[in-house]
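Structure data (mmCIF, C-alpha atoms) from data-v7.cif:
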```cif
data_work
#
loop_
_atom_site.label_atom_id
_atom_site.label_comp_id
_atom_site.auth_asym_id
_atom_site.auth_seq_id
_atom_site.Cartn_x
_atom_site.Cartn_y
_atom_site.Cartn_z
CA MET G 1 39.55 7.95 -4.54
CA MET G 2 36.70 10.09 -3.28
CA PRO G 3 33.22 8.74 -4.09
CA THR G 4 31.35 10.53 -6.84
CA PRO G 5 28.62 12.69 -5.32
CA PRO G 6 25.09 11.78 -6.39
CA ALA G 7 23.70 13.65 -9.39
CA TYR G 8 20.57 15.58 -8.51
CA PRO G 9 18.23 17.21 -11.02
CA ALA G 10 19.16 20.78 -11.95
CA GLU G 11 15.59 21.91 -11.29
CA PRO G 12 13.45 20.75 -8.35
CA ALA G 13 10.93 18.07 -9.22
CA ARG G 14 7.34 19.33 -9.07
CA VAL G 15 5.12 17.04 -7.01
CA LEU G 16 1.34 17.42 -6.99
CA LEU G 17 -0.54 15.83 -4.10
CA LEU G 18 -4.10 14.82 -4.91
CA GLY G 19 -5.68 15.13 -1.48
CA PHE G 20 -4.34 16.98 1.55
CA GLY G 21 -5.92 15.14 4.45
CA ALA G 22 -4.04 13.23 7.13
CA ILE G 23 -1.96 11.16 4.71
CA GLY G 24 -1.19 14.04 2.35
CA ARG G 25 -0.08 16.36 5.16
CA HIS G 26 2.04 13.60 6.73
CA VAL G 27 3.71 12.90 3.36
CA ALA G 28 4.43 16.62 2.91
CA THR G 29 6.04 16.71 6.37
CA LEU G 30 8.12 13.60 5.68
CA LEU G 31 9.41 15.13 2.43
CA ALA G 32 10.29 18.45 4.08
CA PRO G 33 14.07 17.70 3.96
CA GLU G 34 13.88 17.22 0.18
CA ARG G 35 11.85 20.44 -0.19
CA GLU G 36 14.27 22.39 1.99
CA ALA G 37 17.22 21.01 0.00
CA GLY G 38 15.66 22.29 -3.22
CA LEU G 39 15.12 18.80 -4.63
CA LEU G 40 11.37 19.14 -5.01
CA ARG G 41 8.51 21.59 -4.91
CA MET G 42 5.09 20.55 -3.71
CA CYS G 43 1.52 21.56 -4.46
CA ALA G 44 -1.61 19.96 -2.99
CA ALA G 45 -5.03 19.79 -4.64
CA GLU G 46 -8.23 19.74 -2.58
CA ARG G 47 -11.88 20.17 -3.51
CA GLU G 48 -12.52 22.76 -0.77
CA VAL G 49 -9.29 24.69 -0.31
CA ALA G 50 -10.67 27.09 2.31
CA ALA G 51 -11.26 24.19 4.71
CA HIS G 52 -7.55 23.29 4.58
CA ARG G 53 -5.89 26.69 4.87
CA ASP G 54 -5.72 26.48 8.66
CA ARG G 55 -3.90 23.14 8.34
CA ALA G 56 -1.48 24.24 5.65
CA VAL G 57 2.08 22.92 5.62
CA PRO G 58 4.74 25.62 5.07
CA GLY G 59 6.11 25.50 1.56
CA VAL G 60 3.16 23.57 0.10
CA GLU G 61 0.97 25.56 -2.30
CA LEU G 62 -2.73 24.74 -2.46
CA SER G 63 -4.74 24.22 -5.65
CA THR G 64 -8.34 23.17 -6.17
CA THR G 65 -10.29 20.39 -7.83
CA GLY G 66 -13.43 22.37 -6.98
CA THR G 67 -14.58 25.92 -7.71
CA ASP G 68 -12.20 28.09 -5.66
CA THR G 69 -11.02 31.09 -7.67
CA ASP G 70 -8.15 32.34 -5.52
CA CYS G 71 -5.74 29.46 -6.25
CA PRO G 72 -4.58 27.39 -9.23
CA THR G 73 -7.06 24.92 -10.69
CA TRP G 74 -6.45 21.17 -10.89
CA ALA G 75 -5.74 21.46 -14.63
CA GLU G 76 -3.22 24.26 -14.08
CA ALA G 77 -1.46 22.39 -11.28
CA LEU G 78 -1.41 19.15 -13.30
CA ALA G 79 0.16 20.91 -16.29
CA GLU G 80 3.07 22.01 -14.08
CA ALA G 81 3.64 18.69 -12.29
CA ASP G 82 6.30 16.05 -12.85
CA LEU G 83 4.70 13.50 -10.51
CA VAL G 84 1.21 13.15 -9.04
CA VAL G 85 0.77 11.50 -5.63
CA GLU G 86 -2.79 10.35 -4.90
CA CYS G 87 -3.76 10.54 -1.21
CA ALA G 88 -7.47 11.25 -1.59
CA GLY G 89 -9.34 7.93 -1.37
CA VAL G 90 -10.62 5.20 -3.66
CA GLU G 91 -13.28 7.27 -5.44
CA PRO G 92 -11.06 10.27 -6.31
CA ALA G 93 -8.27 7.88 -7.32
CA GLY G 94 -10.61 6.30 -9.85
CA GLU G 95 -11.81 9.70 -11.06
CA TYR G 96 -8.52 11.55 -11.44
CA GLY G 97 -5.89 8.80 -11.64
CA PRO G 98 -6.62 7.70 -15.22
CA GLN G 99 -6.42 11.35 -16.36
CA VAL G 100 -2.91 11.57 -14.94
CA ILE G 101 -1.77 8.34 -16.60
CA ALA G 102 -3.35 9.29 -19.94
CA ALA G 103 -1.51 12.63 -19.82
CA GLY G 104 1.78 10.71 -19.76
CA MET G 105 2.56 11.54 -16.14
CA ASP G 106 3.63 9.13 -13.42
CA LEU G 107 1.14 8.47 -10.62
CA VAL G 108 1.84 7.22 -7.10
CA LEU G 109 -1.29 5.37 -6.00
CA THR G 110 -2.02 5.34 -2.27
CA SER G 111 -5.67 4.24 -2.46
CA VAL G 112 -4.78 0.90 -4.01
CA GLY G 113 -8.38 -0.23 -3.61
CA ALA G 114 -9.12 1.63 -6.85
CA LEU G 115 -7.49 -1.31 -8.66
CA ALA G 116 -10.32 -3.59 -7.52
CA ASP G 117 -12.52 -2.10 -10.24
CA PRO G 118 -11.58 -3.84 -13.52
CA GLU G 119 -12.22 -0.82 -15.77
CA THR G 120 -10.27 1.53 -13.50
CA ALA G 121 -7.41 -0.96 -13.31
CA LEU G 122 -7.19 -1.13 -17.10
CA ARG G 123 -7.10 2.65 -17.40
CA LEU G 124 -4.49 3.03 -14.67
CA LEU G 125 -2.29 0.44 -16.37
CA ALA G 126 -2.84 1.74 -19.90
CA GLY G 127 0.01 4.30 -19.94
CA PRO G 128 1.78 6.24 -21.23
CA GLY G 129 2.31 7.39 -17.63
CA ARG G 130 3.70 4.87 -15.14
CA LEU G 131 1.78 3.61 -12.13
CA TRP G 132 3.60 3.33 -8.80
CA VAL G 133 1.64 1.18 -6.34
CA THR G 134 2.45 1.81 -2.69
CA ASN G 135 2.66 -0.92 -0.03
CA GLY G 136 0.55 1.01 2.47
CA ALA G 137 0.52 -0.31 6.03
CA ILE G 138 1.93 -3.77 5.21
CA GLY G 139 5.08 -5.18 3.64
CA GLY G 140 7.04 -8.31 2.82
CA PHE G 141 6.02 -7.89 -0.81
CA ASP G 142 9.47 -8.82 -2.08
CA VAL G 143 9.16 -12.34 -0.68
CA LEU G 144 5.47 -12.70 -1.54
CA GLY G 145 6.01 -11.37 -5.05
CA ALA G 146 8.95 -13.69 -5.70
CA ALA G 147 6.93 -16.69 -4.54
CA ALA G 148 3.94 -15.68 -6.67
CA GLU G 149 6.05 -15.11 -9.79
CA ALA G 150 7.43 -18.63 -9.43
CA GLY G 151 3.93 -20.09 -9.13
CA GLY G 152 4.66 -20.86 -5.50
CA LEU G 153 1.42 -19.60 -3.90
CA ASP G 154 -1.91 -21.42 -3.89
CA ALA G 155 -3.69 -19.46 -1.16
CA VAL G 156 -3.29 -15.94 0.24
CA ARG G 157 -5.22 -14.59 3.20
CA ILE G 158 -5.22 -11.34 5.17
CA ARG G 159 -6.95 -10.76 8.49
CA THR G 160 -7.29 -7.12 9.55
CA SER G 161 -8.35 -6.20 13.09
CA LYS G 162 -9.45 -2.67 14.01
CA LEU G 163 -11.33 -0.88 16.75
CA PRO G 164 -15.10 -1.32 16.25
CA THR G 165 -15.93 2.39 15.94
CA SER G 166 -13.40 2.80 13.10
CA LEU G 167 -15.46 0.33 11.03
CA LEU G 168 -18.79 2.14 11.22
CA ARG G 169 -20.22 2.77 7.75
CA PRO G 170 -23.29 4.75 6.57
CA TRP G 171 -24.84 1.68 4.90
CA MET G 172 -25.02 -0.30 8.15
CA THR G 173 -28.38 -1.05 9.72
CA ASP G 174 -29.21 0.37 13.16
CA GLN G 175 -28.67 -3.11 14.58
CA GLN G 176 -25.23 -3.50 12.99
CA GLU G 177 -24.16 -0.05 14.15
CA ALA G 178 -25.44 -0.66 17.68
CA GLN G 179 -23.54 -3.96 17.84
CA LEU G 180 -20.24 -2.29 16.96
CA ARG G 181 -20.80 0.62 19.34
CA SER G 182 -21.64 -1.75 22.19
CA LEU G 183 -18.38 -3.72 21.99
CA SER G 184 -16.02 -3.03 24.86
CA PRO G 185 -12.69 -4.48 26.05
CA GLY G 186 -13.22 -8.06 27.16
CA ASP G 187 -15.85 -8.77 24.52
CA ASP G 188 -15.07 -11.26 21.77
CA PRO G 189 -14.04 -9.82 18.38
CA VAL G 190 -16.75 -9.68 15.70
CA THR G 191 -16.10 -10.45 12.03
CA VAL G 192 -17.75 -7.73 9.94
CA PHE G 193 -16.61 -8.99 6.52
CA SER G 194 -15.33 -12.21 5.00
CA GLY G 195 -14.76 -12.57 1.28
CA GLY G 196 -12.66 -11.13 -1.54
CA PRO G 197 -10.83 -7.78 -1.75
CA ALA G 198 -13.26 -6.28 -4.28
CA GLY G 199 -16.22 -6.81 -1.97
CA ALA G 200 -14.22 -5.61 1.01
CA ILE G 201 -13.16 -2.37 -0.67
CA GLU G 202 -16.74 -1.71 -1.80
CA GLN G 203 -18.06 -1.93 1.76
CA PHE G 204 -15.03 -0.58 3.65
CA PRO G 205 -13.10 1.66 1.21
CA ALA G 206 -11.07 3.36 3.94
CA ASN G 207 -10.02 0.20 5.78
CA VAL G 208 -8.86 -2.51 3.40
CA ASN G 209 -6.68 -0.94 0.70
CA VAL G 210 -4.03 -3.32 2.04
CA ALA G 211 -6.05 -6.31 0.80
CA VAL G 212 -6.01 -5.05 -2.79
CA GLY G 213 -2.35 -4.14 -2.38
CA LEU G 214 -1.69 -7.73 -1.33
CA ALA G 215 -3.49 -9.00 -4.43
CA TRP G 216 -1.38 -6.69 -6.60
CA ALA G 217 1.84 -7.89 -4.97
CA THR G 218 0.92 -11.57 -5.43
CA ARG G 219 -0.48 -11.37 -8.96
CA GLY G 220 2.58 -13.19 -10.33
CA ARG G 221 3.72 -12.87 -13.90
CA ALA G 222 2.62 -14.18 -17.25
CA ASP G 223 4.44 -17.11 -18.81
CA PRO G 224 6.38 -15.43 -21.65
CA ALA G 225 5.86 -18.51 -23.80
CA VAL G 226 2.11 -18.49 -23.31
CA GLY G 227 1.06 -14.98 -22.32
CA THR G 228 -2.28 -14.21 -20.72
CA GLY G 229 -4.49 -14.76 -23.75
CA ALA G 230 -4.56 -14.29 -27.50
CA GLY G 231 -4.12 -10.66 -28.49
CA VAL G 232 -3.79 -9.40 -24.92
CA GLY G 233 -1.51 -6.38 -24.58
CA PRO G 234 0.83 -5.77 -21.63
CA GLN G 235 -1.61 -3.57 -19.68
CA ALA G 236 -4.53 -5.95 -20.23
CA GLY G 237 -2.28 -8.83 -19.26
CA GLN G 238 -1.40 -7.14 -15.97
CA ALA G 239 -5.07 -6.42 -15.33
CA GLU G 240 -5.94 -10.07 -15.97
CA LEU G 241 -3.26 -11.26 -13.56
CA LEU G 242 -4.65 -8.86 -10.98
CA ARG G 243 -8.20 -10.10 -11.56
CA ARG G 244 -7.13 -13.68 -10.86
CA SER G 245 -5.22 -12.61 -7.78
CA LEU G 246 -8.22 -10.67 -6.45
CA GLU G 247 -10.22 -13.90 -6.73
CA ARG G 248 -7.57 -15.87 -4.85
CA VAL G 249 -6.94 -13.51 -1.93
CA ARG G 250 -9.31 -13.95 1.02
CA VAL G 251 -10.06 -11.09 3.39
CA GLU G 252 -11.36 -11.13 6.95
CA LEU G 253 -12.13 -7.80 8.62
CA VAL G 254 -12.56 -7.97 12.37
CA ALA G 255 -13.92 -5.48 14.90
CA ASP G 256 -11.79 -6.05 17.99
CA PRO G 257 -12.47 -3.90 21.07
CA ALA G 258 -9.03 -4.86 22.42
CA ALA G 259 -7.17 -3.66 19.32
CA GLY G 260 -4.82 -0.97 20.54
CA ARG G 261 -3.49 -0.61 16.99
CA SER G 262 -4.67 -1.75 13.59
CA ARG G 263 -3.29 -5.24 12.99
CA HIS G 264 -2.82 -7.04 9.66
CA GLU G 265 -1.99 -10.77 9.60
CA ILE G 266 -1.01 -12.37 6.29
CA LEU G 267 -0.84 -16.08 5.58
CA ALA G 268 0.34 -17.32 2.18
CA THR G 269 0.83 -21.01 1.39
CA GLY G 270 1.78 -23.14 -1.58
CA PRO G 271 4.74 -24.97 -3.13
CA ALA G 272 7.04 -22.14 -2.01
CA GLY G 273 6.21 -22.88 1.62
CA ARG G 274 4.25 -21.16 4.37
CA ILE G 275 4.71 -17.41 4.83
CA GLU G 276 3.24 -15.66 7.85
CA LEU G 277 3.55 -11.90 8.35
CA ALA G 278 2.02 -9.58 10.94
CA PHE G 279 1.97 -5.78 11.13
CA GLU G 280 0.71 -3.41 13.81
CA SER G 281 0.54 0.16 12.63
CA ALA G 282 1.22 3.13 14.89
CA PRO G 283 -1.34 5.88 14.25
CA SER G 284 -0.59 8.86 12.04
CA PRO G 285 0.41 12.03 13.91
CA GLU G 286 -2.12 13.84 11.71
CA ASN G 287 -5.07 11.55 12.43
CA PRO G 288 -5.12 8.70 14.97
CA LYS G 289 -7.65 6.82 12.80
CA THR G 290 -5.08 6.56 9.98
CA SER G 291 -2.02 4.31 9.93
CA GLY G 292 1.27 6.16 10.14
CA LEU G 293 2.96 3.47 8.04
CA THR G 294 0.92 4.47 4.99
CA ALA G 295 2.52 7.90 4.69
CA LEU G 296 5.97 6.39 5.29
CA SER G 297 5.38 4.01 2.39
CA VAL G 298 4.15 6.83 0.13
CA ALA G 299 7.14 9.06 0.91
CA ARG G 300 9.53 6.21 0.12
CA THR G 301 7.72 5.52 -3.16
CA VAL G 302 7.91 9.20 -4.12
CA ARG G 303 11.67 9.21 -3.54
CA GLY G 304 12.00 6.10 -5.69
CA ALA G 305 9.85 7.52 -8.50
CA LEU G 306 11.95 10.70 -8.59
CA GLY G 307 15.30 8.94 -8.18
CA LEU G 308 16.02 10.71 -4.88
CA PRO G 309 18.15 9.15 -2.13
#
```
This structure in structure tokens:
Amino acid sequence: MMPTPPAYPAEPARVLLLGFGAIGRHVATLLAPEREAGLLRMCAAEREVAAHRDRAVPGVELSTTGTDTDCPTWAEALAEADLVVECAGVEPAGEYGPQVIAAGMDLVLTSVGALADPETALRLLAGPGRLWVTNGAIGGFDVLGAAAEAGGLDAVRIRTSKLPTSLLRPWMTDQQEAQLRSLSPGDDPVTVFSGGPAGAIEQFPANVNVAVGLAWATRGRADPAVGTGAGVGPQAGQAELLRRSLERVRVELVADPAAGRSRHEILATGPAGRIELAFESAPSPENPKTSGLTALSVARTVRGALGLP
């Protein structure tokens, strides 16, 4: 008997990218086969559309979250979308993401650091739209999640090493900035942050989304016989589990002049055992400062959200 061919939607799914920088353009390129096969149509929203026209991806329409008048507005593009894919950063994710969820639309969240803010997390989990949280530049979440759900993790740690100049931030003092700029191969690595994911994402929003993603993956599950507190609904219960996990996960961010690639080392321990994972991300073809694995994870999540092969 011949296998039954997969059933594809009669009409192409309409995907709206929020943000069309390095990650957004890479995602659009990765999903080109699906676009060319007629399985999806894609539109990208940017605040300043004119600045992105010279980097347009064939087949991807541009819309604006700003004041451009020669393209669809954010509201118009959102009204036509079946799925929104956030690739814009922590701040825009917190600004626009809850609107998408409240409108009953599914949202793929790339800037997972937005979940470190308790109010934003509640709104993103409130529905009726569904939230799809991407893995980003790390993985192994199936094993970590299973261990956490069984109460098998007591401690979770992530150590991220990056080139010093990629960690420069506007809030740094002249002395801090000079120290990072002066590091060269052969010098010892310098720890620029040690603490929890919420503090890390506040100071380094572009560098440690993976830490919040790790907290999300290891939040565990509520005991169905006990719940997470009297009168707590499902979304608030998930937010409370995440809050506890954010307190448990420890983050170390290291400026390493010998780091050829961004490196993430995870150590999780507890009754389930000792789990060690390490990831080195090849750079994005769109921007060498961005991990290429992030866009791969987003594209895979989009396919899953739309039920595509």
The PyMOL selection byres ((chain G and resi 190) around 7) applied to the shown file, residues as a PyMOL selection string
chain G and resi 188-189+191-192+254-256
Selection dump of the PyMOL selection byres ((chain G and resi 263-278) around 10), as an mmCIF file with C-alpha atoms, in the frame of the given file:
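Written file, selection.cif:
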```cif
data_model
loop_
_atom_site.group_PDB
_atom_site.id
_atom_site.type_symbol
_atom_site.label_atom_id
_atom_site.label_comp_id
_atom_site.auth_asym_id
_atom_site.auth_seq_id
_atom_site.Cartn_x
_atom_site.Cartn_y
_atom_site.Cartn_z
ATOM 1 C CA ALA G 137 0.520 -0.310 6.030
ATOM 2 C CA ILE G 138 1.930 -3.770 5.210
ATOM 3 C CA GLY G 139 5.080 -5.180 3.640
ATOM 4 C CA GLY G 140 7.040 -8.310 2.820
ATOM 5 C CA VAL G 143 9.160 -12.340 -0.680
ATOM 6 C CA LEU G 144 5.470 -12.700 -1.540
ATOM 7 C CA ALA G 146 8.950 -13.690 -5.700
ATOM 8 C CA ALA G 147 6.930 -16.690 -4.540
ATOM 9 C CA ALA G 148 3.940 -15.680 -6.670
ATOM 10 C CA ALA G 150 7.430 -18.630 -9.430
ATOM 11 C CA GLY G 151 3.930 -20.090 -9.130
ATOM 12 C CA GLY G 152 4.660 -20.860 -5.500
ATOM 13 C CA LEU G 153 1.420 -19.600 -3.900
ATOM 14 C CA ASP G 154 -1.910 -21.420 -3.890
ATOM 15 C CA ALA G 155 -3.690 -19.460 -1.160
ATOM 16 C CA VAL G 156 -3.290 -15.940 0.240
ATOM 17 C CA ARG G 157 -5.220 -14.590 3.200
ATOM 18 C CA ILE G 158 -5.220 -11.340 5.170
ATOM 19 C CA ARG G 159 -6.950 -10.760 8.490
ATOM 20 C CA THR G 160 -7.290 -7.120 9.550
ATOM 21 C CA SER G 161 -8.350 -6.200 13.090
ATOM 22 C CA LYS G 162 -9.450 -2.670 14.010
ATOM 23 C CA LEU G 163 -11.330 -0.880 16.750
ATOM 24 C CA VAL G 208 -8.860 -2.510 3.400
ATOM 25 C CA VAL G 210 -4.030 -3.320 2.040
ATOM 26 C CA ALA G 211 -6.050 -6.310 0.800
ATOM 27 C CA LEU G 214 -1.690 -7.730 -1.330
ATOM 28 C CA THR G 218 0.920 -11.570 -5.430
ATOM 29 C CA VAL G 249 -6.940 -13.510 -1.930
ATOM 30 C CA ARG G 250 -9.310 -13.950 1.020
ATOM 31 C CA VAL G 251 -10.060 -11.090 3.390
ATOM 32 C CA GLU G 252 -11.360 -11.130 6.950
ATOM 33 C CA LEU G 253 -12.130 -7.800 8.620
ATOM 34 C CA VAL G 254 -12.560 -7.970 12.370
ATOM 35 C CA ASP G 256 -11.790 -6.050 17.990
ATOM 36 C CA ALA G 259 -7.170 -3.660 19.320
ATOM 37 C CA GLY G 260 -4.820 -0.970 20.540
ATOM 38 C CA ARG G 261 -3.490 -0.610 16.990
ATOM 39 C CA SER G 262 -4.670 -1.750 13.590
ATOM 40 C CA PHE G 279 1.970 -5.780 11.130
ATOM 41 C CA GLU G 280 0.710 -3.410 13.810
ATOM 42 C CA SER G 281 0.540 0.160 12.630
ATOM 43 C CA ALA G 282 1.220 3.130 14.890
#
```
Kindly indicate which residue among G:Ser111, G:Gly220, G:Ala258, G:Val298 lies nearest to Gly237 in chain G, using all atoms listed in the file for the distances.
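With all atoms listed in the file as the atom set, the closest residue is G:Gly220.
Ranking G:Gln99, G:Val112, G:Gly89, G:Leu78 by their shortest atom-to-atom distance to Gly21 in chain G, with all atoms listed in the file included, puts G:Gly89 first.
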Let me make sure I understand: among G:Cys43, G:Ala51, G:Leu183, G:Val212, which one has the smallest atom-to-atom distance to Pro257 in chain G if we use all atoms listed in the file?
G:Leu183
